[in-house]
>>> print(open('work_20.tsv').read())   # TSV, C-alpha atoms
chain	number	residue	atom	x	y	z
A	99	MET	CA	32.87	11.49	-6.32
A	100	ILE	CA	30.26	11.90	-9.02
A	101	THR	CA	30.75	10.39	-12.45
A	102	LYS	CA	28.69	11.47	-15.43
A	103	ALA	CA	28.22	9.67	-18.71
A	104	ASN	CA	26.24	10.61	-21.77
A	105	SER	CA	24.42	7.88	-23.62
A	106	CYS	CA	23.22	8.36	-27.17
A	107	SER	CA	21.77	4.88	-27.63
A	108	PRO	CA	20.26	1.98	-25.70
A	109	GLU	CA	23.53	0.07	-26.28
A	110	GLU	CA	25.52	2.82	-24.54
A	111	THR	CA	23.12	2.84	-21.58
A	112	TYR	CA	23.55	-0.94	-21.33
A	113	ARG	CA	27.36	-0.52	-21.37
A	114	VAL	CA	27.18	2.02	-18.53
A	115	GLY	CA	25.31	-0.64	-16.57
A	116	GLU	CA	28.04	-3.16	-17.38
A	117	LYS	CA	30.69	-0.74	-16.09
A	118	ILE	CA	28.78	-0.26	-12.86
A	119	GLY	CA	28.26	-4.02	-12.52
A	120	SER	CA	31.92	-4.82	-13.12
A	121	ALA	CA	32.89	-2.57	-10.17
A	122	LEU	CA	30.56	-4.32	-7.72
A	123	LYS	CA	31.94	-6.47	-4.93
A	124	GLY	CA	28.66	-7.58	-3.33
A	125	ARG	CA	26.60	-5.90	-0.61
A	126	GLU	CA	25.82	-2.84	-2.75
A	127	ILE	CA	22.51	-1.07	-3.16
A	128	ILE	CA	22.05	0.61	-6.52
A	129	LEU	CA	19.40	3.35	-6.32
A	130	LEU	CA	18.11	4.14	-9.84
A	131	SER	CA	16.08	7.28	-10.44
A	132	GLY	CA	14.66	8.58	-13.69
A	133	GLU	CA	11.42	9.15	-15.51
A	134	LEU	CA	9.39	6.51	-17.32
A	135	GLY	CA	11.38	5.17	-20.29
A	136	ALA	CA	14.68	6.67	-19.13
A	137	GLY	CA	16.50	3.33	-19.29
A	138	LYS	CA	16.52	2.08	-15.69
A	139	THR	CA	15.74	-1.53	-16.64
A	140	LEU	CA	18.20	-1.42	-19.54
A	141	LEU	CA	20.93	-0.23	-17.18
A	142	THR	CA	19.96	-3.07	-14.81
A	143	LYS	CA	20.40	-5.55	-17.68
A	144	GLY	CA	23.98	-4.29	-18.08
A	145	ILE	CA	24.64	-4.66	-14.35
A	146	ALA	CA	23.21	-8.19	-14.48
A	147	ALA	CA	25.38	-9.18	-17.45
A	148	ALA	CA	28.49	-7.97	-15.64
A	149	ILE	CA	27.77	-10.23	-12.67
A	150	GLY	CA	27.02	-13.31	-14.74
A	151	ILE	CA	23.25	-13.13	-15.12
A	152	ASP	CA	21.56	-13.51	-18.51
A	153	PRO	CA	20.32	-9.99	-19.31
A	154	GLY	CA	17.43	-11.55	-21.24
A	155	GLU	CA	15.96	-12.65	-17.91
A	156	ILE	CA	15.80	-9.09	-16.60
A	157	VAL	CA	12.40	-7.46	-17.00
A	158	SER	CA	10.94	-4.63	-14.99
A	159	PRO	CA	9.32	-6.09	-11.85
A	160	THR	CA	6.63	-3.41	-11.82
A	161	PHE	CA	3.86	-5.86	-10.97
A	162	THR	CA	5.86	-8.34	-8.88
A	163	ILE	CA	7.78	-5.58	-7.03
A	164	MET	CA	10.92	-7.78	-6.76
A	165	ASN	CA	12.71	-10.44	-8.80
A	166	CYS	CA	15.76	-12.36	-7.67
A	167	PHE	CA	18.49	-13.77	-9.92
A	168	GLU	CA	21.63	-15.77	-9.20
A	169	GLY	CA	24.99	-15.03	-10.76
A	170	LYS	CA	28.33	-14.12	-9.24
A	171	TYR	CA	26.12	-12.43	-6.62
A	172	PHE	CA	22.40	-12.64	-6.04
A	173	LEU	CA	20.69	-9.73	-7.75
A	174	TYR	CA	17.55	-8.43	-6.06
A	175	HIS	CA	15.78	-6.28	-8.66
A	176	ILE	CA	13.11	-4.07	-7.08
A	177	ASP	CA	10.69	-1.70	-8.79
A	178	LEU	CA	8.90	0.88	-6.63
A	179	TYR	CA	6.78	2.47	-9.37
A	180	ARG	CA	3.48	1.05	-8.13
A	181	LEU	CA	4.22	2.03	-4.53
A	182	GLY	CA	5.13	5.54	-5.62
A	183	GLU	CA	4.73	8.63	-3.52
A	184	ASN	CA	3.35	6.66	-0.56
A	185	LEU	CA	6.88	5.50	0.25
A	186	LYS	CA	8.11	9.04	0.87
A	187	ARG	CA	5.65	9.35	3.73
A	188	MET	CA	6.70	6.08	5.36
A	189	THR	CA	9.35	6.18	8.04
A	190	ASP	CA	8.46	3.07	10.03
A	191	GLY	CA	8.43	-0.48	8.82
A	192	LEU	CA	10.95	-0.07	6.03
A	193	PRO	CA	13.41	-2.94	5.89
A	194	GLU	CA	16.88	-2.51	7.28
A	195	ILE	CA	18.87	-3.31	4.17
A	196	ASP	CA	22.16	-1.63	4.98
A	197	ASP	CA	23.77	-4.55	6.78
A	198	ASN	CA	21.36	-7.34	5.93
A	199	ILE	CA	21.76	-7.99	2.22
A	200	ASP	CA	24.18	-10.93	2.48
A	201	GLU	CA	26.65	-10.84	-0.39
A	202	GLY	CA	24.04	-9.89	-2.95
A	203	VAL	CA	23.38	-6.71	-4.89
A	204	ILE	CA	20.12	-4.79	-4.70
A	205	VAL	CA	18.98	-2.67	-7.64
A	206	ILE	CA	16.02	-0.41	-6.89
A	207	GLU	CA	14.20	1.26	-9.78
A	208	TRP	CA	12.21	4.39	-9.00
A	209	ALA	CA	14.40	5.05	-5.98
A	210	GLN	CA	13.27	8.67	-6.00
A	211	TYR	CA	10.22	7.40	-4.10
A	212	LEU	CA	12.33	6.23	-1.14
A	213	PRO	CA	12.76	8.34	1.99
A	214	GLY	CA	16.04	10.25	1.95
A	215	LEU	CA	17.69	8.04	4.55
A	216	TYR	CA	18.21	5.30	1.96
A	217	PHE	CA	20.54	7.56	0.00
A	218	GLN	CA	22.85	7.71	3.03
A	219	LEU	CA	23.48	3.96	3.22
A	220	LYS	CA	27.19	3.23	3.23
A	221	ASN	CA	27.17	0.83	0.29
A	222	SER	CA	24.71	2.72	-1.85
A	223	VAL	CA	25.28	3.96	-5.36
A	224	LYS	CA	22.88	6.65	-6.54
A	225	VAL	CA	22.29	6.59	-10.30
A	226	ASP	CA	20.19	9.32	-11.90
A	227	ILE	CA	19.17	8.96	-15.53
A	228	LYS	CA	17.99	12.17	-17.12
A	229	VAL	CA	16.32	12.12	-20.54
A	230	ILE	CA	17.83	14.86	-22.72
A	231	GLU	CA	16.32	13.82	-26.06
A	232	GLU	CA	14.62	10.72	-27.45
A	233	ASN	CA	17.83	8.64	-27.51
A	234	THR	CA	20.10	10.82	-25.36
A	235	ARG	CA	20.54	10.30	-21.64
A	236	GLU	CA	22.73	11.92	-19.02
A	237	ILE	CA	23.66	9.32	-16.42
A	238	SER	CA	25.22	10.44	-13.14
A	239	VAL	CA	26.67	7.92	-10.70
A	240	GLN	CA	27.35	8.92	-7.10
A	241	PRO	CA	28.65	6.38	-4.57
A	242	GLY	CA	27.27	6.73	-1.04
A	243	ARG	CA	29.34	7.40	2.06
A	244	ALA	CA	32.21	5.03	2.82
A	245	PHE	CA	31.78	3.23	-0.50
A	246	TYR	CA	34.90	1.12	-1.01
>>> encode(input="work_20.tsv", output="structure tokens")
Amino acid sequence: MITKANSCSPEETYRVGEKIGSALKGREIILLSGELGAGKTLLTKGIAAAIGIDPGEIVSPTFTIMNCFEGKYFLYHIDLYRLGENLKRMTDGLPEIDDNIDEGVIVIEWAQYLPGLYFQLKNSVKVDIKVIEENTREISVQPGRAFY
């Protein structure tokens, strides 16, 4: 099942994140893809708000790679921008996150840099944000196999 939403403002992108966050039950991996400035961090703020985390605390972890927040679930916010294309070539040494994420939620920005196997994880949700115009986004949400 693929769901598409159009966003014509940052507030609408945030609300899409809230809708995604309100459907989470823990142990999900949200794989966010989109170009620079598409709204990946803004969508993450909406997810965070829905699980009881102050969205004001959410900033892109571009330089720290990962930030962790506690709410209804732990939120592990990962940004792969700096690791970039090198990740696509890696097949060994990547963490096994499918069954080892406790009850938390992982949000990965720049997921397009991950090897394809990550998009097959059973509790993954693939979110692509496509910039149509300056304030217009097309957001497609596709749950991974065996997702609830």
>>> closest_residue(input="work_20.tsv", among="A:Leu181, A:Leu173, A:Leu129, A:Val114", to="Ile156 of chain A", atoms="all atoms listed in the file")
A:Leu173
>>> residues_around(input="work_20.tsv", residues="Ile118 of chain A", least_positions_apart="3", cutoff="9 Å", atoms="only C-alpha atoms", output="list in words")
Arg113, Val114, Gly115, Ala121, Leu122, Leu141, Gly144, Ile145, Ala148 and Val239 of chain A
>>> atom_distance(input="work_20.tsv", atom1="atom CA of Met164 of chain A", atom2="atom CA of Glu126 of chain A")
16.2 Å
>>> closest_residue(input="work_20.tsv", among="A:Gly124, A:Pro159, A:Gly154, A:Gly169", to="Ile206 of chain A", atoms="all atoms listed in the file")
A:Pro159
>>> closest_residue(input="work_20.tsv", among="A:Pro108, A:Gln210, A:Ser120, A:Ile204", to="Gly135 of chain A", atoms="only C-alpha atoms")
A:Pro108
>>> atom_distance(input="work_20.tsv", atom1="atom CA of Val205 of chain A", atom2="atom CA of Lys228 of chain A")
17.6 Å
